[in-house]
Every structure is written in structure tokens, then in C-alpha cells.
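For reference, the structure is listed below as C-alpha cells.
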Amino acid sequence: MSMAGASAPETSYQPVFTGETKAALEALFERYPTKQACMLPALWMVQEARGWISESAMAEVAEILGVTPAYVKGVVTFYTMYYTHPVGRNVIQVCTTSPCNLCGAEDVMRAILKETGCEELGRTSPDGRFTVQEVECLGACGFATPILVNDDFIESVTPERVAGLLEGYE
Amino acid sequence: MGYPHPSHEKETVVLSQYFGDEAARSYQGWVERGGYKALEAALAMEPDAVTDVVKASGLRGRGGAGFPTGLKWSFMPKDSGKNHYLVCNADESEPGTFKDREIMRWTPHALIEGCAIGAYAIGAECCYIYIRGEFTEPLAVMAKAVAEAYDNGVLGEKLMGTGPRLDIVIHRGAGAYICGEETGLMNSLEGRRGNPRIKPPFPAQAGLFGLPTTVNNVETLTAVPHIMTRGADWYKEICLGNEKSTGTKLYSVCGHVQKPGNYELAMGSSLEELIFEMAGGMRPGRTFKAVIPGGSSVPIMDADDIKGCLLDYEGVVERGSMLGSGGVIVMDDSADMVYQIYRLTRFYAHESCAQCTQCREGTAWTVKILERILAGQGKESDLDLLLDLADNMTGKTICVLSDSCAAPVVSGIAKFRSEFDAYLSGSRPPALAAH
């Protein structure tokens with residue numbers, strides 16, 4: 001499996017929650033009656049900083065929130081938007097659920113796989129630039145086919161538009 | 001206004017009035033359009049009186065269940081001495097539904113105002129707005145609007161400078177359909193896996209963090225300010241005959257129509273008018289085949305079912321389906337019903353939280369059997385097997401996810417059996433490769 005774009009092995013883990021990130025999480029503690037409620041926000045912070053959530057990062061979050069690492073792993077693996085493996089520098093999510101499917105979403109998905117050089121869904125392109133995922137309903141069915149490139153939500157994508165849309169993502 | 005196209009003359013525009021109006025997004029723009037007047041009016045009343053107005057309006061939950069909103073609020077305990085919570089369910093994930101997205105995108109302050117009125121009525125000092133993780137734009141727009149509301153003294157120590165304390169916190173989900181189920185949502189907010197909880201206890205007794213909680217949908221809360229300023233009677237009169245379904249409803253029309261988008265209609269409007277007039281009907285040369293009228297979880301309707309069908313909670317039930325969230329998925333004669341039903345069941349199998357056996361196993365096996373049929377390897381007995389599975393998946397689990405997976409299978413086989421038979425007999429070539 002192609003691991004281009006992967007971070008270094010976890011032998012020398014550097015904590016995520018130091019300095020500003022730590023302060024941001026501590027400010028969030030004020031907004032909830034329990035520390036554990038900051039689980040999803042804390043995991044988002046990890047993913048923003050590192051691109052994915054490693055076991056070491058799960059242990060760090062567990063320590064801060066006062067739960068076990070196994071508990072954090074249970075939460076991380078419940079939600080599809082948290083990545084438990086390194087991903088490409090840009091992650092593309094393509095909606096292929098029924099309403100978009102009716103409007104040609106599978107053609108869009110194939111065009112994206114071809115354009116990015118990703119051999120299959122979930123696999124990162126050899127240059128580490130893209131990972132393509134199928135996603136179940138992006139909630140924009142009237143704008144078929146929507147795709148999410150990192151945090152950019154793009155509506156009404158057609159196979160013809162794909163090449164131009166992805167140009168800016170290095 | 002209207003977005004992505006101007007409002008149709010047959011729409012009853014209330015919530016969608018400022019869709020597409022960039023200037024309505026800011027605090028200043030919202031105030032210029034009469035914003036926060038409803039909150040002021042509510043704060044001048046006793047909380048119970050606010051609940052009574054909402055009760056009298058006939059407003060029912062727009063997330064899918066259609067439970068009377070004022071009644072739900074009245075279940076919250078009085079003088080319990082405990083903290084109360086309001087949770088706004090903005091985890092819009094029901095395939096076919098994209099109305100809450102547009103509300104948050106264009107009129108974020110309308111939602112904040114609705115949340116503030118709701119929180120005041122139920123005695124909550126904190127409101128969490130749980131927005132699905134994929135909604136990057138609504139998340140950014142809502143976060144900015146909440147910050148503006150604090151800066152302008154709407155939220156914080158004293159609501160509008162005179163009322164009780166209210167904090168609103170935007171909470172980002174992370175990709176899980178089941179978190180749209182209110183008890184799954186509460187678990188997710190608490191930092192757990194989003195598994196639905198067994199009821200009772202109901203949220204009003206023991207909800208978020210074990211405390212009295214009300215969960216309302218985005219569209220429901222956004223309707224509240226209009227009811228406060230224009231009155232319960234005005235809202236109640238927006239209905240075309242059936243007094244049990246009042247006000248306006250946003251319909252997200254998608255699939256094989258020429259003008260997909262959100263349409264806001266008075267309760268009791270015609271489903272046929274929505275599909276064939278407002279949404280432009282089928283593409284040239286195509287004919288109507290089927291519609292799923294209330295988001296993917298409700299039974300499929302065919303051409304006979306929609307004749308004269310009225311869009312309100314009772315009208316759609318009369319025709320064998322449900323109004324649900326108002327996500328209208330239209331299919332023309334080019335749609336392969338077996339494949340589309342398979343695609344829907346794949347959605348539910350993917351989104352099952354896997355806590356109940358009937359759902360975990362049932363959704364997965366339904367997908368496998370449909371894959372077998374689509375690969376040309378189905379057996380005649382497979383349809384009975386699918387129906388038997390569906391029976392075991394209906395009414396037997398903690399939440400209704402597995403019921404939702406069974407609905408399109410049962411209605412699909414009943415109404416489009418010939419398409420299943422075509423795969424079984426080999427008269428239609430396989431749509432999937434054999435495993």
C-alpha cells in the first residue's frame with residue numbers, strides 16, 4: 001500500500017496539545033460541563049495538526065480527558081471523518097448516495113480517481129497528493145454531485161469539471 | 001429571493017425569504033430585516049406563555065417525526081433546580097434532505113434567534129448546535145454569526161441585555177448519520193460513540209449529561225421567531241384544510257427533476273405541483289417513475305400513489321408513505337429501481353451503529369442479497385428472504401435505522417417487482433460483477 005505523504009513513524013511522538021493548541025482546548029473546557037465532551041473537538045484539533053489520528057495521539061487525548069486510550073479509539077473509529085491512517089495531502093470525498101447516484105455521481109467518482117491517479121477508493125496517489133473516498137450523503141442532494149476537498153465544499157461537479165477543480169490542490 | 005433559483009409563485013415564502021441574500025447573513029443585515037424583534041417580544045412574556053404560543057400555532061417537528069413542538073417544550077420540568085439544555089439538531093444527513101444547510105448558510109441569525117426563544121421557554125442557559133462535520137460552510141457561517149451575537153449583546157450574561165443567561169456553542173460532528181437520532185446525538189455531544197439510547201428515560205427527564213434536555217431540528221426552531229412576531233393564528237392559518245398540519249415546510253427536491261432545490265410550501269400543497277410545476281418536472285423525453293417523498297427512510301411512491309397526494313403529515317401517510325424530513329427524491333424511467341434500492345440499503349448498512357443485532361446483521365445481509373441479485377446470481381426465494389429480513393428489522397430495535405433500511409426494500413418489491421424479476425430471470429443483464 002502506498003504510504004506517500006505519511007508522517008514519520010511514531011517512535012518520537014511530539015504532543016499536539018502544547019502552546020496555543022493546549023490553550024484552545026482549555027478554553028473549550030469552559031463551554032461544557034465535562035472534559036469528555038471535548039472529545040470530538042480535541043480529535044478535530046489533532047487531525048488539523050497532524051492530518052490523521054495516530055494511536056499515540058489517541059493516548060494523549062485520553063490522558064487529557066481522563067479516559068482510557070481504548071475508549072478514545074472506540075470513539076475515533078465510530079466516526080468516518082477521523083482518519084486512523086495517514087492520508088494524502090488532499091482528501092477528496094465524493095457523494096455517491098442515491099440522489100447523487102441518479103445524477104451520475106459514479107461517473108464523477110471514476111473521473112476523480114483517474115485524474116488523481118489513485119488506483120482505488122481509499123488509496124493514496126503515488127505522489128501523496130490525493131486520497132479519494134466515497135462518502136454517504138453530503139447533504140447537498142439538490143446540487144449533485146457535491147464533493148468535499150479538504151474543507152472546500154464544491155457543488156454540482158461533473159466529470160468534465162474535475163480536472164479544472166483539482167488544479168489548485170498541491 | 002430564493003436559492004439556487006428565485007422562489008416560485010406557488011411557494012409560501014417565510015423561512016426561505018432571504019435564501020440567496022448575502023446581506024442577510026450579518027448581524028447588522030439581520031437586524032435591518034427585522035431580526036431579533038421576535039426574541040425581544042418573547043422576553044417580554046413569561047416562558048410558559050411562549051410555549052403556549054408555539055403550542056397554539058400547531059408547529060410540529062420538521063426533522064422527520066412531526067412531534068408537536070410546544071408540547072415537547074412543555075415536557076421540560078419546572079423549577080427542577082437542575083440545568084436544562086436545548087440542543088439544535090443540525091446533523092442533517094438524511095439522503096435527499098438539504099434544507100437545514102440552506103437555513104444555516106443564508107439566515108444564521110434566524111436560527112440563533114429561534115434557539116434563544118426556545119432556550120428561554122424551556123429554561124435552558126446553554127444551547128448546543130450540533131452541525132454535521134461535512135457542512136464546512138454552514139459551520140463557518142454559524143460560528144461567525146454566534147460570535148457576532150455575543151459581540152452585540154444578544155447572547156451571554158443577559159439575553160438581549162435584559163433576559164437570563166444564554167450561551168450557544170457550535171459543536172462539530174465527525175461523520176455519522178446516526179448522530180441525527182436525538183439520543184445518539186446526545187451521546188456524541190458527551191464525547192462518546194453515537195449509539196442511540198433506550199427510551200425511557202426521555203430527554204426531557206434525563207437527556208444531555210443526564211439533565212433535562214429538548215432536541216429540536218433547525219427548521220423547527222427557525223419557524224419560531226415568525227410565530228412570535230406574527231402570531232399563532234397567522235401560522236395556523238397557513239394550511240390548506242388539515243388543521244393537524246400547519247405552517248410552511250421546506251421541501252428539498254432532488255434526483256431526476258429539471259430544477260432541483262428547496263421549495264417552501266404551505267402544508268397541504270400538492271406533491272404533483274411540487275414535482276411537475278415548481279421543480280420543472282422530468283428532463284425532456286423522460287417520464288416519471290417513482291418518488292421518495294420524505295428523505296430516504298420512507299416508503300417509495302409510484303405514479304398512482306402521487307395522484308392527488310397532499311403534502312402534509314397525514315396526507316402522505318394516507319398514500320402509504322411519510323412526510324419525514326421533506327427530502328423529495330424523484331426518479332424517472334431511466335432509474336434502475338433494484339440498483340437504487342441496493343444503493344439506499346448500502347447507506348444504512350454503512351451507517352448502522354451496530355448495537356442491535358437485527359440492524360447490524362439485517363442491513364448487512366440485505367446488501368449482500370441485493371448484490372447477489374444485481375450480479376445475476378439471485379434465487380427466486382431471495383425476495384421472500386429480503387421481506388422476511390425486513391420484517392425482523394422493523395419495530396424491533398433501539399432506534400429506527402433498521403426500519404428505514406427495510407422501508408425501501410418492502411415498498412420497492414411491492415411496487416417494482418418486475419424489475420427484480422428481470423434480474424432473477426436473467427432478462428436484464430447484471431449491473432454488478434459477481435464476487
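Here, A, B, ... name the chains of the C-alpha cells in the order displayed, residue numbers run from 1 inside each chain, and ligands are numbered from 1 in the same displayed order.
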
Residues of chain A were defined as contacting chain B if any atom lay at most 8 Å from it, counting only C-alpha atoms; please report them as JSON, numbers by chain. {"A": [31, 33, 34, 36, 37, 38, 39, 40, 41, 74, 75, 78, 79, 80, 81, 82, 97, 98, 99, 100, 101, 102, 103, 136, 137, 138, 139, 140, 141, 142, 143, 148, 151, 152, 153]}

Expected file contents, prior selection, C-alpha atoms, as a tab-separated table (two decimals), in the first residue's frame:
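Output contents, as saved in part-v4.tsv:
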```
chain	number	residue	atom	x	y	z
A	31	ARG	CA	-18.12	25.50	27.34
A	33	PRO	CA	-19.82	20.52	31.98
A	34	THR	CA	-17.45	17.57	31.46
A	36	GLN	CA	-15.01	14.26	27.98
A	37	ALA	CA	-17.50	16.35	25.99
A	38	CYS	CA	-14.46	17.97	24.37
A	39	MET	CA	-13.58	14.62	22.77
A	40	LEU	CA	-14.75	15.44	19.23
A	41	PRO	CA	-13.29	18.96	19.28
A	74	GLY	CA	-13.62	3.39	20.19
A	75	VAL	CA	-14.82	6.93	19.58
A	78	PHE	CA	-17.03	5.33	15.15
A	79	TYR	CA	-16.78	8.47	13.02
A	80	THR	CA	-15.88	8.32	9.34
A	81	MET	CA	-14.23	11.74	9.18
A	82	TYR	CA	-11.39	10.83	11.53
A	97	THR	CA	-25.65	8.04	-2.34
A	98	SER	CA	-28.95	7.60	-4.21
A	99	PRO	CA	-29.96	11.17	-5.11
A	100	CYS	CA	-26.48	11.93	-6.48
A	101	ASN	CA	-26.19	8.41	-7.85
A	102	LEU	CA	-29.25	9.08	-10.01
A	103	CYS	CA	-27.49	12.14	-11.37
A	136	GLU	CA	-22.55	8.54	2.20
A	137	CYS	CA	-24.63	11.64	1.50
A	138	LEU	CA	-23.02	15.07	1.83
A	139	GLY	CA	-26.42	16.72	2.40
A	140	ALA	CA	-26.44	18.75	-0.80
A	141	CYS	CA	-28.58	16.47	-2.98
A	142	GLY	CA	-30.02	19.35	-5.00
A	143	PHE	CA	-26.52	20.23	-6.12
A	148	LEU	CA	-15.58	17.85	-0.32
A	151	ASP	CA	-12.65	21.74	3.86
A	152	ASP	CA	-13.80	23.06	0.49
A	153	PHE	CA	-17.36	22.06	-0.32
```

Apply DSSP to the structure's backbone, then extract all residues of region 235-306 of chain B labelled strand (DSSP E) and return them as a list in words.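 Everything in region 235-306 of chain B that counts as strand (DSSP E) is Thr248, Lys249, Leu250, Tyr251, Ser252, Val253, Cys254, Gly255, Gly261, Asn262, Tyr263, Glu264, Leu265, Ala266, Ser269, Ser270, Phe288, Lys289, Ala290, Val291, Ile292, Met301 and Asp302 of chain B.
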
Generate the output file for the selected residues, C-alpha atoms, as a JSON list (two decimals), in the first residue's frame.
```
[["chain", "number", "residue", "atom", "x", "y", "z"],
["B", 248, "THR", "CA", -44.90, 26.08, 5.89],
["B", 249, "LYS", "CA", -42.48, 23.24, 5.16],
["B", 250, "LEU", "CA", -39.27, 23.29, 3.18],
["B", 251, "TYR", "CA", -39.01, 20.52, 0.59],
["B", 252, "SER", "CA", -35.64, 19.58, -0.83],
["B", 253, "VAL", "CA", -36.33, 18.29, -4.32],
["B", 254, "CYS", "CA", -33.55, 16.29, -5.97],
["B", 255, "GLY", "CA", -32.85, 13.48, -8.39],
["B", 261, "GLY", "CA", -33.60, 22.86, -4.96],
["B", 262, "ASN", "CA", -35.55, 23.90, -1.87],
["B", 263, "TYR", "CA", -39.21, 24.90, -2.16],
["B", 264, "GLU", "CA", -41.26, 26.27, 0.72],
["B", 265, "LEU", "CA", -44.92, 25.27, 0.65],
["B", 266, "ALA", "CA", -47.98, 25.72, 2.81],
["B", 269, "SER", "CA", -49.96, 21.60, -1.01],
["B", 270, "SER", "CA", -49.92, 19.22, -3.94],
["B", 288, "PHE", "CA", -41.93, 9.92, -14.01],
["B", 289, "LYS", "CA", -41.38, 6.57, -12.33],
["B", 290, "ALA", "CA", -41.11, 6.95, -8.56],
["B", 291, "VAL", "CA", -40.57, 9.35, -5.68],
["B", 292, "ILE", "CA", -39.34, 9.00, -2.14],
["B", 301, "MET", "CA", -44.34, 6.01, -4.04],
["B", 302, "ASP", "CA", -45.18, 5.27, -7.67]]
```

One decimal, in Å: what's the spacing between CA of Gly163 (chain B) and CA of Cys115 (chain B)?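 Computing it gives 14.0 Å between the two atoms.
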
Find the spatial neighbours of region 369-385 of chain B, counting only C-alpha atoms, within a cut-off of 7 Å - ignore same-chain residues fewer than 4 positions away - and output them as a PyMOL selection string. chain B and resi 342+365+389+423-424+426+430-434

Please determine, counting only C-alpha atoms, which residue among A:Glu20, A:Tyr83, A:Met109, A:Ile92 has the shortest atom-to-atom distance to Val149 (chain A).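 Selected residue with least distance to Val149 (chain A): A:Ile92.
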
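CA of Leu65 (chain A) to CA of Glu26 (chain A) spans 10.7 Å [interatomic distance, one decimal].
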
Within 10 Å of Phe202 (chain B), counting only C-alpha atoms, which residues show up once you throw out same-chain ones fewer than 5 positions away? Write them as a list in words, please.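 Residues meeting the cut-off are Phe75, Thr183, Arg197, Gly207, Pro212, Thr213 and Thr214 of chain B.
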
With N, CA and C atoms retained, write the just-selected residues as a PDB file, in the first residue's frame.
```
ATOM      1  N   PHE B  75     -42.932  19.425  28.215  1.00  0.00           N
ATOM      2  CA  PHE B  75     -42.484  18.255  28.996  1.00  0.00           C
ATOM      3  C   PHE B  75     -41.292  18.584  29.900  1.00  0.00           C
ATOM      4  N   THR B 183     -30.928  10.741  20.629  1.00  0.00           N
ATOM      5  CA  THR B 183     -30.161  10.196  21.761  1.00  0.00           C
ATOM      6  C   THR B 183     -28.735   9.821  21.326  1.00  0.00           C
ATOM      7  N   ARG B 197     -29.753   5.737  22.593  1.00  0.00           N
ATOM      8  CA  ARG B 197     -30.054   5.225  23.931  1.00  0.00           C
ATOM      9  C   ARG B 197     -31.461   4.641  23.957  1.00  0.00           C
ATOM     10  N   GLY B 207     -31.579  13.774  29.760  1.00  0.00           N
ATOM     11  CA  GLY B 207     -31.042  13.863  28.405  1.00  0.00           C
ATOM     12  C   GLY B 207     -29.552  14.085  28.394  1.00  0.00           C
ATOM     13  N   PRO B 212     -32.353  17.508  32.109  1.00  0.00           N
ATOM     14  CA  PRO B 212     -33.498  17.749  31.223  1.00  0.00           C
ATOM     15  C   PRO B 212     -33.084  18.462  29.930  1.00  0.00           C
ATOM     16  N   THR B 213     -33.472  17.886  28.803  1.00  0.00           N
ATOM     17  CA  THR B 213     -32.998  18.367  27.505  1.00  0.00           C
ATOM     18  C   THR B 213     -34.117  18.337  26.478  1.00  0.00           C
ATOM     19  N   THR B 214     -34.140  19.348  25.630  1.00  0.00           N
ATOM     20  CA  THR B 214     -35.033  19.332  24.474  1.00  0.00           C
ATOM     21  C   THR B 214     -34.164  19.363  23.222  1.00  0.00           C
TER      22      THR B 214
END
```

Between A:Phe17, A:Phe130, A:Tyr71, A:Trp52, which one has atoms that come closest to Gly88 (chain A), using only C-alpha atoms?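 Going through A:Phe17, A:Phe130, A:Tyr71, A:Trp52 one by one, the smallest distance to Gly88 (chain A) is for A:Phe130.
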